[in-house]
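Listing of entry02.cif; format and content: mmCIF, C-alpha atoms.
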```cif
data_start
loop_
_atom_site.label_atom_id
_atom_site.label_comp_id
_atom_site.auth_asym_id
_atom_site.auth_seq_id
_atom_site.Cartn_x
_atom_site.Cartn_y
_atom_site.Cartn_z
CA MET A 529 143.32 40.21 -312.70
CA ASN A 530 142.58 43.93 -313.01
CA ARG A 531 143.63 44.37 -316.64
CA ILE A 532 141.91 43.71 -319.95
CA THR A 533 144.07 42.04 -322.60
CA ALA A 534 143.46 42.03 -326.35
CA THR A 535 145.43 40.25 -329.05
CA TYR A 536 145.69 41.60 -332.59
CA ASP A 537 147.01 40.23 -335.84
CA ILE A 538 148.65 43.26 -337.47
CA GLU A 539 150.72 44.19 -340.51
CA THR A 540 152.80 47.35 -340.75
CA PRO A 541 155.39 49.20 -342.85
CA VAL A 542 157.05 50.70 -339.73
CA GLY A 543 157.94 47.49 -337.90
CA ILE A 544 155.82 45.50 -335.45
CA GLU A 545 157.39 46.98 -332.31
CA ARG A 546 156.84 50.58 -333.43
CA ALA A 547 153.31 49.83 -334.63
CA ALA A 548 152.48 48.21 -331.29
CA GLU A 549 153.70 51.33 -329.48
CA VAL A 550 151.51 53.55 -331.67
CA LEU A 551 148.50 51.31 -331.14
CA ALA A 552 148.92 51.25 -327.35
CA GLY A 553 149.39 54.99 -327.18
CA GLU A 554 146.47 55.87 -329.45
CA GLN A 555 144.11 53.67 -327.46
CA SER A 556 145.08 54.98 -324.02
CA THR A 557 147.06 58.04 -322.93
CA GLY A 558 148.89 59.03 -326.10
CA THR A 559 148.31 60.95 -329.30
CA PHE A 560 150.55 61.95 -332.23
CA VAL A 561 152.73 64.14 -329.96
CA ARG A 562 153.69 63.94 -326.28
CA LEU A 563 151.46 66.21 -324.18
CA ALA A 564 152.61 68.18 -321.17
CA SER A 565 149.75 66.68 -319.15
CA GLU A 566 150.82 63.14 -320.11
CA THR A 567 153.10 62.82 -317.12
CA ASP A 568 155.12 59.76 -316.24
CA ALA A 569 152.79 59.16 -313.29
CA LEU A 570 149.73 59.33 -315.54
CA ARG A 571 151.31 56.95 -318.04
CA GLU A 572 152.22 54.52 -315.27
CA ARG A 573 148.64 54.60 -314.05
CA SER A 574 146.65 54.60 -317.29
CA ALA A 575 148.76 53.75 -320.35
CA ALA A 576 148.14 50.58 -322.30
CA ARG A 577 150.94 48.06 -321.94
CA ILE A 578 152.45 45.86 -324.66
CA GLU A 579 152.47 42.34 -323.25
CA ARG A 580 153.68 40.21 -326.15
CA ILE A 581 154.97 40.57 -329.71
CA GLU A 582 155.38 37.69 -332.15
CA ILE A 583 156.53 38.30 -335.70
CA THR A 584 154.91 35.83 -338.09
CA GLY A 585 155.99 36.96 -341.57
CA THR A 586 156.61 39.72 -344.09
CA SER A 587 155.17 40.89 -347.39
CA PRO A 588 156.46 43.21 -350.14
CA THR A 589 153.00 44.80 -350.50
CA PRO A 590 150.34 46.00 -348.04
CA SER A 591 147.26 43.87 -347.44
CA LEU A 592 145.05 46.98 -347.14
CA PRO A 593 145.39 50.53 -348.51
CA CYS A 594 147.78 52.37 -346.22
CA ARG A 595 148.98 56.00 -346.25
CA LYS A 596 152.36 55.07 -344.79
CA THR A 597 154.45 52.87 -347.05
CA GLY A 598 157.67 50.90 -346.80
CA ASP A 599 159.91 48.46 -348.61
CA ILE A 600 158.59 45.62 -346.48
CA TYR A 601 155.43 45.01 -344.46
CA GLU A 602 155.99 43.08 -341.27
CA ARG A 603 153.23 40.80 -339.93
CA GLY A 604 152.75 39.60 -336.39
CA GLN A 605 150.58 39.17 -333.32
CA VAL A 606 150.56 41.78 -330.57
CA SER A 607 148.94 41.49 -327.14
CA VAL A 608 148.12 44.76 -325.37
CA SER A 609 146.57 45.28 -321.93
CA TRP A 610 144.70 48.15 -320.31
CA PRO A 611 144.04 48.86 -316.63
CA LEU A 612 140.44 48.24 -315.63
CA ASP A 613 140.29 51.71 -314.07
CA ASN A 614 140.47 53.32 -317.53
CA PHE A 615 136.84 52.46 -318.29
CA GLY A 616 135.46 50.11 -315.66
CA THR A 617 133.19 47.41 -317.04
CA SER A 618 131.34 49.52 -319.62
CA LEU A 619 130.90 47.37 -322.74
CA PRO A 620 130.50 50.32 -325.16
CA THR A 621 133.68 51.95 -323.85
CA LEU A 622 135.46 48.60 -323.96
CA MET A 623 134.54 48.37 -327.65
CA ALA A 624 135.71 51.92 -328.32
CA THR A 625 139.05 51.03 -326.73
CA LEU A 626 139.70 47.58 -328.15
CA ALA A 627 138.09 48.16 -331.56
CA GLY A 628 138.07 51.91 -332.10
CA ASN A 629 140.41 54.32 -333.88
CA LEU A 630 143.19 51.74 -334.07
CA PHE A 631 141.52 50.33 -337.20
CA GLU A 632 142.34 53.62 -338.96
CA LEU A 633 145.97 54.07 -337.92
CA ALA A 634 148.27 54.88 -340.85
CA GLU A 635 150.97 52.66 -339.32
CA LEU A 636 148.80 49.58 -339.88
CA SER A 637 148.24 47.93 -343.26
CA ALA A 638 146.20 45.15 -341.59
CA ILE A 639 144.64 44.76 -338.16
CA ARG A 640 142.29 42.15 -336.79
CA LEU A 641 141.16 41.74 -333.17
CA ILE A 642 141.49 37.99 -332.59
CA ASP A 643 141.25 37.43 -328.83
CA MET A 644 140.29 39.10 -325.57
CA GLN A 645 140.60 38.22 -321.87
CA LEU A 646 138.42 39.99 -319.32
CA PRO A 647 138.60 40.15 -315.52
CA GLY A 648 135.88 38.24 -313.68
CA VAL A 649 134.20 41.48 -312.61
CA PHE A 650 132.75 41.76 -316.12
CA ALA A 651 130.80 38.55 -315.54
CA THR A 652 129.46 39.80 -312.21
CA ASP A 653 128.66 43.35 -313.38
CA HIS A 654 126.70 42.21 -316.43
CA PRO A 655 123.60 39.99 -316.38
CA GLY A 656 124.58 37.45 -319.02
CA PRO A 657 122.04 35.04 -320.53
CA GLN A 658 118.88 34.89 -318.44
CA PHE A 659 117.88 31.37 -319.50
CA GLY A 660 120.53 29.64 -321.62
CA ALA A 661 120.03 26.02 -322.62
CA ALA A 662 118.25 24.83 -319.47
CA GLY A 663 115.76 27.70 -319.49
CA THR A 664 115.13 27.27 -323.20
CA ARG A 665 114.23 23.62 -322.62
CA ASP A 666 111.94 24.60 -319.75
CA PHE A 667 109.96 26.93 -322.00
CA ILE A 668 109.37 24.09 -324.46
CA GLY A 669 108.60 21.54 -321.77
CA ASP A 670 110.97 18.71 -320.78
CA HIS A 671 112.69 18.69 -324.16
CA LYS A 672 115.46 16.17 -324.86
CA GLY A 673 118.17 16.43 -327.50
CA PRO A 674 119.07 19.45 -329.64
CA LEU A 675 116.26 21.77 -330.71
CA ILE A 676 115.25 21.00 -334.28
CA GLY A 677 114.32 24.30 -335.87
CA THR A 678 113.64 26.18 -339.06
CA ILE A 679 113.22 29.70 -340.44
CA ILE A 680 110.13 31.29 -341.98
CA LYS A 681 110.69 31.32 -345.72
CA PRO A 682 110.16 33.20 -348.00
CA SER A 683 112.01 35.69 -345.80
CA VAL A 684 109.57 38.46 -346.67
CA GLY A 685 106.35 38.57 -348.66
CA LEU A 686 104.08 36.44 -346.48
CA ASN A 687 101.35 38.31 -344.64
CA PRO A 688 100.42 37.43 -341.03
CA SER A 689 97.76 34.88 -341.96
CA GLU A 690 100.05 33.18 -344.48
CA THR A 691 102.83 33.12 -341.89
CA ALA A 692 100.46 31.54 -339.36
CA ALA A 693 99.40 28.92 -341.90
CA LEU A 694 103.04 27.96 -342.47
CA VAL A 695 103.61 27.81 -338.72
CA GLN A 696 100.62 25.50 -338.40
CA SER A 697 102.17 23.06 -340.87
CA LEU A 698 105.50 23.22 -339.02
CA VAL A 699 104.12 22.63 -335.52
CA SER A 700 102.02 19.78 -336.90
CA ALA A 701 105.25 18.32 -338.27
CA GLY A 702 106.73 18.23 -334.76
CA ILE A 703 109.21 21.11 -335.01
CA ASP A 704 110.79 22.43 -331.78
CA PHE A 705 111.83 25.92 -332.83
CA ILE A 706 110.85 28.46 -335.51
CA LYS A 707 112.29 31.90 -336.11
CA ASP A 708 111.45 34.97 -338.13
CA ASP A 709 113.95 35.79 -340.82
CA GLU A 710 116.16 38.76 -339.94
CA LEU A 711 114.57 40.67 -342.83
CA GLN A 712 111.10 40.38 -341.28
CA ALA A 713 110.43 42.68 -338.34
CA ASN A 714 107.58 45.21 -338.50
CA GLY A 715 106.91 45.99 -342.13
CA PRO A 716 103.55 47.27 -343.38
CA HIS A 717 102.85 44.01 -345.21
CA CYS A 718 103.39 41.87 -342.10
CA SER A 719 103.15 44.04 -339.01
CA PHE A 720 104.72 42.77 -335.81
CA ALA A 721 101.56 43.01 -333.70
CA GLU A 722 99.35 41.21 -336.20
CA ARG A 723 101.97 38.54 -336.90
CA VAL A 724 102.37 37.88 -333.17
CA GLU A 725 98.62 37.63 -332.70
CA GLN A 726 98.00 35.18 -335.53
CA VAL A 727 101.11 33.03 -335.02
CA SER A 728 100.59 32.89 -331.24
CA ARG A 729 97.06 31.64 -331.75
CA VAL A 730 98.52 28.65 -333.60
CA LEU A 731 101.30 28.07 -331.05
CA ASN A 732 98.98 28.31 -328.04
CA ALA A 733 96.40 25.99 -329.56
CA HIS A 734 99.13 23.45 -330.30
CA ALA A 735 100.43 23.70 -326.73
CA ASP A 736 96.93 23.22 -325.30
CA LYS A 737 96.41 20.17 -327.49
CA THR A 738 99.79 18.45 -327.15
CA GLY A 739 101.43 19.91 -324.05
CA LYS A 740 104.40 20.99 -326.16
CA ARG A 741 105.10 24.70 -326.60
CA VAL A 742 107.01 25.26 -329.81
CA MET A 743 109.45 28.14 -329.35
CA TYR A 744 109.04 30.92 -331.90
CA ALA A 745 111.68 33.67 -332.08
CA PHE A 746 109.77 36.81 -333.09
CA ASN A 747 112.05 39.48 -334.53
CA ILE A 748 111.59 42.54 -332.27
CA THR A 749 114.52 44.51 -333.79
CA ASP A 750 113.65 48.21 -333.85
CA GLU A 751 114.27 51.44 -331.94
CA VAL A 752 114.62 50.81 -328.19
CA ASP A 753 111.20 52.18 -327.22
CA GLN A 754 109.54 50.12 -329.93
CA MET A 755 111.43 46.99 -328.83
CA TYR A 756 110.00 47.55 -325.34
CA ARG A 757 106.50 47.71 -326.82
CA ASN A 758 107.22 44.59 -328.88
CA LEU A 759 108.23 42.74 -325.71
CA GLU A 760 104.96 43.77 -324.08
CA THR A 761 103.05 42.45 -327.08
CA LEU A 762 104.90 39.14 -326.90
CA GLU A 763 104.28 38.79 -323.17
CA ALA A 764 100.55 39.44 -323.66
CA HIS A 765 100.42 36.52 -326.12
CA GLY A 766 102.51 34.09 -324.08
CA GLY A 767 105.69 34.52 -326.14
CA THR A 768 108.82 32.64 -325.14
CA CYS A 769 111.53 34.09 -327.40
CA ALA A 770 112.50 37.55 -328.68
CA MET A 771 114.90 37.73 -331.59
CA VAL A 772 117.22 40.70 -332.15
CA CYS A 773 119.70 41.54 -334.89
CA LEU A 774 122.77 42.13 -332.75
CA ASN A 775 124.72 44.38 -335.09
CA SER A 776 121.67 46.54 -335.73
CA ILE A 777 120.77 47.29 -332.10
CA GLY A 778 124.29 47.28 -330.61
CA LEU A 779 125.42 46.27 -327.15
CA PRO A 780 123.38 48.92 -325.28
CA GLY A 781 120.27 47.90 -327.23
CA LEU A 782 120.82 44.25 -326.38
CA ARG A 783 121.36 45.10 -322.71
CA ALA A 784 118.16 47.18 -322.73
CA VAL A 785 116.19 44.22 -324.11
CA ARG A 786 117.78 41.90 -321.53
CA GLU A 787 116.67 44.19 -318.69
CA ARG A 788 113.03 44.17 -319.89
CA SER A 789 112.65 40.67 -321.31
CA LYS A 790 110.88 37.82 -319.52
CA MET A 791 111.75 35.43 -322.32
CA THR A 792 114.79 34.04 -324.09
CA ILE A 793 116.79 36.37 -326.34
CA HIS A 794 117.74 34.92 -329.71
CA GLY A 795 120.80 36.74 -331.07
CA HIS A 796 121.08 36.89 -334.86
CA ARG A 797 124.41 38.18 -336.15
CA ALA A 798 123.12 39.60 -339.47
CA GLY A 799 125.96 41.51 -341.11
CA TRP A 800 128.65 39.42 -339.48
CA GLY A 801 130.64 39.06 -342.70
CA LEU A 802 131.56 42.74 -342.41
CA TYR A 803 133.65 41.86 -339.35
CA SER A 804 134.75 38.36 -340.23
CA ARG A 805 135.29 37.83 -343.92
CA SER A 806 138.71 39.44 -344.37
CA PRO A 807 141.77 37.99 -342.61
CA ASP A 808 143.26 41.50 -342.71
CA ILE A 809 140.67 43.55 -340.82
CA GLY A 810 137.78 42.94 -338.45
CA ILE A 811 136.95 41.15 -335.21
CA SER A 812 136.83 37.44 -334.48
CA PHE A 813 133.58 35.84 -333.32
CA THR A 814 135.30 34.51 -330.20
CA VAL A 815 135.68 38.14 -329.09
CA MET A 816 132.22 39.44 -330.01
CA GLN A 817 130.30 36.49 -328.61
CA LYS A 818 131.71 37.23 -325.15
CA LEU A 819 130.29 40.74 -325.30
CA TRP A 820 126.92 39.59 -326.62
CA ARG A 821 126.67 37.00 -323.87
CA LEU A 822 127.60 39.52 -321.19
CA ALA A 823 124.85 41.80 -322.50
CA GLY A 824 122.30 38.99 -322.29
CA ALA A 825 121.96 36.84 -325.43
CA ASP A 826 120.70 33.29 -324.74
CA HIS A 827 121.16 31.98 -328.31
CA LEU A 828 123.87 32.96 -330.80
CA HIS A 829 124.12 32.12 -334.51
CA VAL A 830 127.40 30.52 -335.59
CA ASN A 831 126.63 29.48 -339.21
CA GLY A 832 126.75 25.75 -339.93
CA LEU A 833 129.20 23.09 -340.98
CA ALA A 834 129.42 22.79 -344.79
CA SER A 835 127.06 25.74 -345.08
CA LYS A 836 126.26 28.08 -347.98
CA PHE A 837 128.41 30.82 -346.45
CA THR A 838 132.10 31.49 -346.84
CA GLU A 839 133.36 30.64 -343.34
CA ALA A 840 135.56 27.56 -343.10
CA ASP A 841 134.23 24.65 -341.06
CA ARG A 842 137.04 25.01 -338.52
CA THR A 843 135.94 28.64 -337.95
CA VAL A 844 132.33 27.57 -337.45
CA ALA A 845 133.49 24.88 -335.01
CA ARG A 846 135.59 27.35 -333.04
CA SER A 847 132.66 29.80 -332.91
CA ALA A 848 130.21 27.15 -331.71
CA MET A 849 132.53 25.89 -328.98
CA SER A 850 133.33 29.41 -327.79
CA VAL A 851 129.67 30.05 -326.95
CA GLN A 852 129.81 27.19 -324.45
CA GLU A 853 133.03 28.32 -322.76
CA PRO A 854 133.17 30.69 -319.75
CA VAL A 855 133.38 34.39 -320.60
CA CYS A 856 135.88 34.99 -317.78
CA ASP A 857 137.90 32.78 -315.48
CA ASP A 858 136.69 32.25 -311.90
CA ALA A 859 133.33 33.95 -312.55
CA PRO A 860 129.78 33.06 -313.68
CA ALA A 861 130.16 31.19 -316.97
CA HIS A 862 127.24 32.88 -318.81
CA LEU A 863 126.91 30.00 -321.29
CA ALA A 864 124.66 30.38 -324.34
CA MET A 865 123.26 28.05 -327.01
CA PRO A 866 124.96 27.99 -330.41
CA VAL A 867 122.58 28.05 -333.37
CA PHE A 868 123.63 26.11 -336.48
CA SER A 869 121.93 27.11 -339.73
CA SER A 870 122.38 27.51 -343.48
CA GLY A 871 122.25 24.47 -345.74
CA GLN A 872 121.95 22.01 -342.86
CA THR A 873 120.65 18.43 -343.27
CA ILE A 874 120.79 15.14 -341.40
CA TRP A 875 124.50 14.87 -342.30
CA GLN A 876 125.67 17.80 -340.15
CA ILE A 877 124.01 16.89 -336.85
CA ALA A 878 126.52 14.25 -335.71
CA PRO A 879 129.64 16.35 -336.39
CA SER A 880 127.97 19.39 -334.79
CA ARG A 881 127.19 17.39 -331.66
CA SER A 882 130.63 15.80 -331.65
CA LEU A 883 132.51 19.09 -331.59
CA LEU A 884 130.35 20.37 -328.69
CA GLY A 885 130.08 17.10 -326.76
CA ASN A 886 126.45 17.84 -325.79
CA ASP A 887 122.94 18.51 -327.12
CA ASP A 888 122.73 22.13 -325.98
CA PHE A 889 122.35 23.62 -329.45
CA ILE A 890 119.69 24.67 -331.92
CA PHE A 891 119.87 23.05 -335.35
CA CYS A 892 117.95 25.01 -338.00
CA ALA A 893 117.19 23.48 -341.37
CA GLY A 894 114.97 24.80 -344.14
CA GLY A 895 115.35 22.63 -347.21
CA GLY A 896 116.62 19.86 -344.94
CA ILE A 897 113.06 19.66 -343.59
CA MET A 898 110.81 20.92 -346.37
CA SER A 899 112.50 18.91 -349.14
CA HIS A 900 112.14 15.53 -347.45
CA PRO A 901 110.40 13.24 -349.97
CA GLN A 902 107.87 12.12 -347.35
CA GLY A 903 106.96 15.66 -346.29
CA ALA A 904 107.96 18.19 -343.67
CA GLY A 905 106.85 15.96 -340.78
CA ALA A 906 109.19 13.21 -341.91
CA GLY A 907 111.92 15.82 -342.38
CA VAL A 908 111.68 16.79 -338.71
CA VAL A 909 111.57 13.15 -337.63
CA ALA A 910 114.65 12.33 -339.73
CA LEU A 911 116.63 15.14 -338.13
CA ARG A 912 115.61 13.97 -334.68
CA GLN A 913 116.60 10.41 -335.59
CA ALA A 914 120.00 11.67 -336.75
CA ALA A 915 120.40 13.41 -333.39
CA ASP A 916 119.43 10.23 -331.54
CA ALA A 917 121.97 8.25 -333.54
CA ALA A 918 124.70 10.76 -332.68
CA ARG A 919 123.84 10.64 -328.98
CA GLU A 920 123.90 6.82 -329.02
CA GLY A 921 127.19 6.72 -330.91
CA VAL A 922 125.68 4.96 -333.94
CA THR A 923 126.36 6.00 -337.53
CA ILE A 924 123.34 7.44 -339.28
CA GLN A 925 123.71 4.81 -341.99
CA ASP A 926 123.26 2.02 -339.42
CA TYR A 927 120.51 3.90 -337.58
CA ALA A 928 118.66 4.43 -340.85
CA LEU A 929 118.33 0.69 -341.35
CA ARG A 930 115.62 0.75 -338.65
CA HIS A 931 114.20 4.23 -339.34
CA SER A 932 112.60 4.86 -342.71
CA GLU A 933 112.46 8.67 -342.43
CA LEU A 934 116.20 8.86 -341.88
CA GLN A 935 116.84 6.39 -344.70
CA ALA A 936 114.81 8.52 -347.11
CA ALA A 937 116.76 11.60 -346.04
CA LEU A 938 120.08 9.85 -346.66
CA GLU A 939 118.92 8.99 -350.15
CA THR A 940 117.73 12.56 -350.80
CA PHE A 941 120.48 14.79 -349.43
CA ALA A 942 124.03 14.50 -350.70
CA LYS A 943 126.68 13.99 -348.07
CA PRO A 944 128.67 17.23 -347.76
CA VAL A 945 132.42 17.50 -347.28
CA ILE A 946 133.15 18.76 -343.76
CA ALA A 947 136.73 19.91 -343.18
CA LEU A 948 137.53 20.39 -339.51
CA ASP A 949 141.29 19.74 -339.74
#
```

Would you write out, as structure tokens, the structure that this file holds?
Amino acid sequence: MNRITATYDIETPVGIERAAEVLAGEQSTGTFVRLASETDALRERSAARIERIEITGTSPTPSLPCRKTGDIYERGQVSVSWPLDNFGTSLPTLMATLAGNLFELAELSAIRLIDMQLPGVFATDHPGPQFGAAGTRDFIGDHKGPLIGTIIKPSVGLNPSETAALVQSLVSAGIDFIKDDELQANGPHCSFAERVEQVSRVLNAHADKTGKRVMYAFNITDEVDQMYRNLETLEAHGGTCAMVCLNSIGLPGLRAVRERSKMTIHGHRAGWGLYSRSPDIGISFTVMQKLWRLAGADHLHVNGLASKFTEADRTVARSAMSVQEPVCDDAPAHLAMPVFSSGQTIWQIAPSRSLLGNDDFIFCAGGGIMSHPQGAGAGVVALRQAADAAREGVTIQDYALRHSELQAALETFAKPVIALD
């Protein structure tokens, strides 16, 4: 396959077929008028091609403000393809083509990029995750089951020594993974270098004592040159994970980190709601996660089932599964680890594992650990017991009969409603 295909859900006052033609022209060889240099031969070679149109409905009013108006607004799905020769395998140019000016076209009263298929050359031209699930486990040391993790809270306000003290309590509790909050990077109150030094002292001492290296995702998000320096600081202290805010640093920033990093890259999608919340505009996670994986992310946040955020459980499920599917057919798979977080307790582990069919995920809980009535250590143990029950195919209620930490968690945390249908 030497073409890139994208599928859009669009709405238009000018008819789906006409809108599709405008979209294809705007994003390849055309503009608002036919140019003398836009020859038939050039169009044959470089024009975008409409592959499929499916009308799904109509509305008497536009979903989004739209300069062009009509008596009826037609809705449908349109698949458009581009020749690979238009832009090669450049991810920034791919984004400018598939998700560029088309979002501003006056012929569209709604447009959402919902799917994308790439030729296998993308998977061979880009590095993809350097470590993935297997490498992540190797850093920790022969780890079994999902990684039980948490986030430093309060998000901001703790200084380096206070952060290190919290980390000490968490590693003593048996945690597998800890991450900075996306709001904490290199502020004056908790500088990156000092935080790394003090937290790493705790992590390294724990590893020397127990043989287990807890993975800490330090937030290196910054200008590119500073991210390089942050990586050097982490390497000097034996760091195993660098966290970046994907929407802040962009695809070239992520690729730059991937080229320099000797550790796992934890991709946080802070700001994702800007792309995902409206059904009438934006980009689906199943599209963006392919690009983030190609650029080198090892871990990707997907929200959590029955979380505090607005995404439906079926959307979270689709996002989590997509991270463990090949980016392209007949090419390196570039699989990453989904990260579940936000309002997670012992109740969400089994359904999370069930939808993936494996333990290659990170399960982050804050209150689900800290609010355990027997303490944070018991909170970690209860989550691990819930994961063991899921792997063994036993309900957590039955497993809890023989495990007091899990039983206490069941009595503490209300069972959420998870809607995957």

Evaluate the PyMOL selection byres ((chain A and resi 713) around 9) and report residues as a VMD selection string: chain A and resid 708 to 712 714 to 715 718 to 720 746 to 750

Evaluate the PyMOL selection byres ((chain A and resi 617) around 10) and report residues as a list in words: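 Evaluating the PyMOL selection byres ((chain A and resi 617) around 10) on this file yields Ile532, Leu612, Asp613, Asn614, Phe615, Gly616, Ser618, Leu619, Pro620, Thr621, Leu622, Leu646, Pro647, Val649, Phe650, Ala651, Thr652, Asp653 and His654 of chain A.
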
Pick from A:Leu675, A:Ala845, A:Met898, A:Ile544, whichever lies nearest to Leu694 (chain A) using all atoms listed in the file: A:Met898

One-decimal distance in Å that lies between CA of Cys892 (chain A) and CA of Ala692 (chain A):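 CA of Cys892 (chain A) lies at a distance of 18.7 Å from CA of Ala692 (chain A).
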
Residue nearest Leu774 (chain A) among A:Ala864, A:Leu828, A:Val724, A:Ala893 (counting only C-alpha atoms):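 Under the stated criterion, the closest residue is A:Leu828.
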
Output of the PyMOL selection byres ((chain A and resi 756-766) around 12), listed as a PyMOL selection string: chain A and resi 667+713-714+719-733+735+741-755+767-772+781-793

Nearby residues (all atoms listed in the file) at most 7 Å from Ile581 (chain A), same-chain spacing under 5 positions excluded, as a PyMOL selection string: chain A and resi 605-607

Would you pick out the contacts of Arg821 (chain A) at 8 Å or less, using all atoms listed in the file, so that residues sharing its chain but fewer than 2 positions from it are not included, and give the list as an mmCIF file with C-alpha atoms, keeping the file's coordinate frame?
```
data_model
loop_
_atom_site.group_PDB
_atom_site.id
_atom_site.type_symbol
_atom_site.label_atom_id
_atom_site.label_comp_id
_atom_site.auth_asym_id
_atom_site.auth_seq_id
_atom_site.Cartn_x
_atom_site.Cartn_y
_atom_site.Cartn_z
ATOM 1 C CA GLY A 656 124.580 37.450 -319.020
ATOM 2 C CA PRO A 657 122.040 35.040 -320.530
ATOM 3 C CA GLN A 817 130.300 36.490 -328.610
ATOM 4 C CA LYS A 818 131.710 37.230 -325.150
ATOM 5 C CA LEU A 819 130.290 40.740 -325.300
ATOM 6 C CA ALA A 823 124.850 41.800 -322.500
ATOM 7 C CA GLY A 824 122.300 38.990 -322.290
ATOM 8 C CA ALA A 825 121.960 36.840 -325.430
ATOM 9 C CA ASP A 826 120.700 33.290 -324.740
ATOM 10 C CA VAL A 855 133.380 34.390 -320.600
ATOM 11 C CA HIS A 862 127.240 32.880 -318.810
ATOM 12 C CA LEU A 863 126.910 30.000 -321.290
ATOM 13 C CA ALA A 864 124.660 30.380 -324.340
#
```

Separation of CA of Val608 (chain A) from CA of Ile578 (chain A) in Å: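 For CA of Ile578 (chain A) relative to CA of Val608 (chain A), the distance reads 4.5 Å.
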
All residues 9 Å or closer to Pro866 (chain A), all atoms listed in the file, same chain fewer than 4 positions away omitted, as a PyMOL selection string: chain A and resi 826-830+847-852+888-891

Nearby residues (all atoms listed in the file) at most 9 Å from Trp875 (chain A), same-chain spacing under 6 positions excluded, as a list in words: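 Contacts, with the query itself left out: Leu911, Ala914, Ile924, Leu938, Phe941, Ala942, Lys943 and Pro944 of chain A.
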
Minimum-distance residue to Asn831 (chain A), chosen among A:Arg846, A:Lys737, A:Arg546, A:Arg577 (using only C-alpha atoms):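 Comparing A:Arg846, A:Lys737, A:Arg546, A:Arg577 against Asn831 (chain A), the winner is A:Arg846.
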
Which residue of A:Gly894, A:Asn687, A:Gly810, A:His671 approaches Lys707 (chain A) most closely, using only C-alpha atoms: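 Among A:Gly894, A:Asn687, A:Gly810, A:His671, it is A:Gly894 that comes nearest to Lys707 (chain A).
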
Residue nearest Leu934 (chain A) - candidates A:His900, A:Arg919, A:Arg531, A:His717, atoms counted: only C-alpha atoms: A:His900

Spatial neighbours of region 582-590 of chain A, 8 Å, only C-alpha atoms, chain gap at least 6 places, as a list in words: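 The contact residues come out as Glu539, Thr540, Pro541, Ile544, Asp599, Ile600, Tyr601, Glu602, Arg603, Gly604, Gln605, Val606, Ser637 and Ala638 of chain A.
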
Dump as an mmCIF file, in the frame of the given file, selection limited to C-alpha atoms:
```
data_model
loop_
_atom_site.group_PDB
_atom_site.id
_atom_site.type_symbol
_atom_site.label_atom_id
_atom_site.label_comp_id
_atom_site.auth_asym_id
_atom_site.auth_seq_id
_atom_site.Cartn_x
_atom_site.Cartn_y
_atom_site.Cartn_z
ATOM 1 C CA GLU A 539 150.720 44.190 -340.510
ATOM 2 C CA THR A 540 152.800 47.350 -340.750
ATOM 3 C CA PRO A 541 155.390 49.200 -342.850
ATOM 4 C CA ILE A 544 155.820 45.500 -335.450
ATOM 5 C CA ASP A 599 159.910 48.460 -348.610
ATOM 6 C CA ILE A 600 158.590 45.620 -346.480
ATOM 7 C CA TYR A 601 155.430 45.010 -344.460
ATOM 8 C CA GLU A 602 155.990 43.080 -341.270
ATOM 9 C CA ARG A 603 153.230 40.800 -339.930
ATOM 10 C CA GLY A 604 152.750 39.600 -336.390
ATOM 11 C CA GLN A 605 150.580 39.170 -333.320
ATOM 12 C CA VAL A 606 150.560 41.780 -330.570
ATOM 13 C CA SER A 637 148.240 47.930 -343.260
ATOM 14 C CA ALA A 638 146.200 45.150 -341.590
#
```

Kindly write N, CA and C atoms of region 789-797 of chain A from the structure just given to a file, as an mmCIF file, in the first residue's frame.
```cif
data_model
loop_
_atom_site.group_PDB
_atom_site.id
_atom_site.type_symbol
_atom_site.label_atom_id
_atom_site.label_comp_id
_atom_site.auth_asym_id
_atom_site.auth_seq_id
_atom_site.Cartn_x
_atom_site.Cartn_y
_atom_site.Cartn_z
ATOM 1 N N SER A 789 16.808 9.392 24.574
ATOM 2 C CA SER A 789 16.483 8.730 25.836
ATOM 3 C C SER A 789 17.036 7.307 25.913
ATOM 4 N N LYS A 790 17.568 6.971 27.082
ATOM 5 C CA LYS A 790 17.996 5.602 27.378
ATOM 6 C C LYS A 790 17.019 4.932 28.345
ATOM 7 N N MET A 791 15.857 5.534 28.486
ATOM 8 C CA MET A 791 14.867 5.026 29.431
ATOM 9 C C MET A 791 13.484 5.059 28.785
ATOM 10 N N THR A 792 12.511 4.478 29.465
ATOM 11 C CA THR A 792 11.156 4.458 28.941
ATOM 12 C C THR A 792 10.594 5.876 28.864
ATOM 13 N N ILE A 793 9.688 6.090 27.892
ATOM 14 C CA ILE A 793 9.035 7.374 27.729
ATOM 15 C C ILE A 793 7.563 7.212 28.078
ATOM 16 N N HIS A 794 7.144 7.939 29.095
ATOM 17 C CA HIS A 794 5.779 7.885 29.605
ATOM 18 C C HIS A 794 4.998 9.041 28.990
ATOM 19 N N GLY A 795 4.050 8.732 28.114
ATOM 20 C CA GLY A 795 3.303 9.758 27.399
ATOM 21 C C GLY A 795 2.022 10.151 28.109
ATOM 22 N N HIS A 796 1.972 11.378 28.608
ATOM 23 C CA HIS A 796 0.757 11.903 29.233
ATOM 24 C C HIS A 796 0.027 12.771 28.218
ATOM 25 N N ARG A 797 -1.269 12.572 28.084
ATOM 26 C CA ARG A 797 -2.024 13.281 27.051
ATOM 27 C C ARG A 797 -2.764 14.506 27.600
#
```
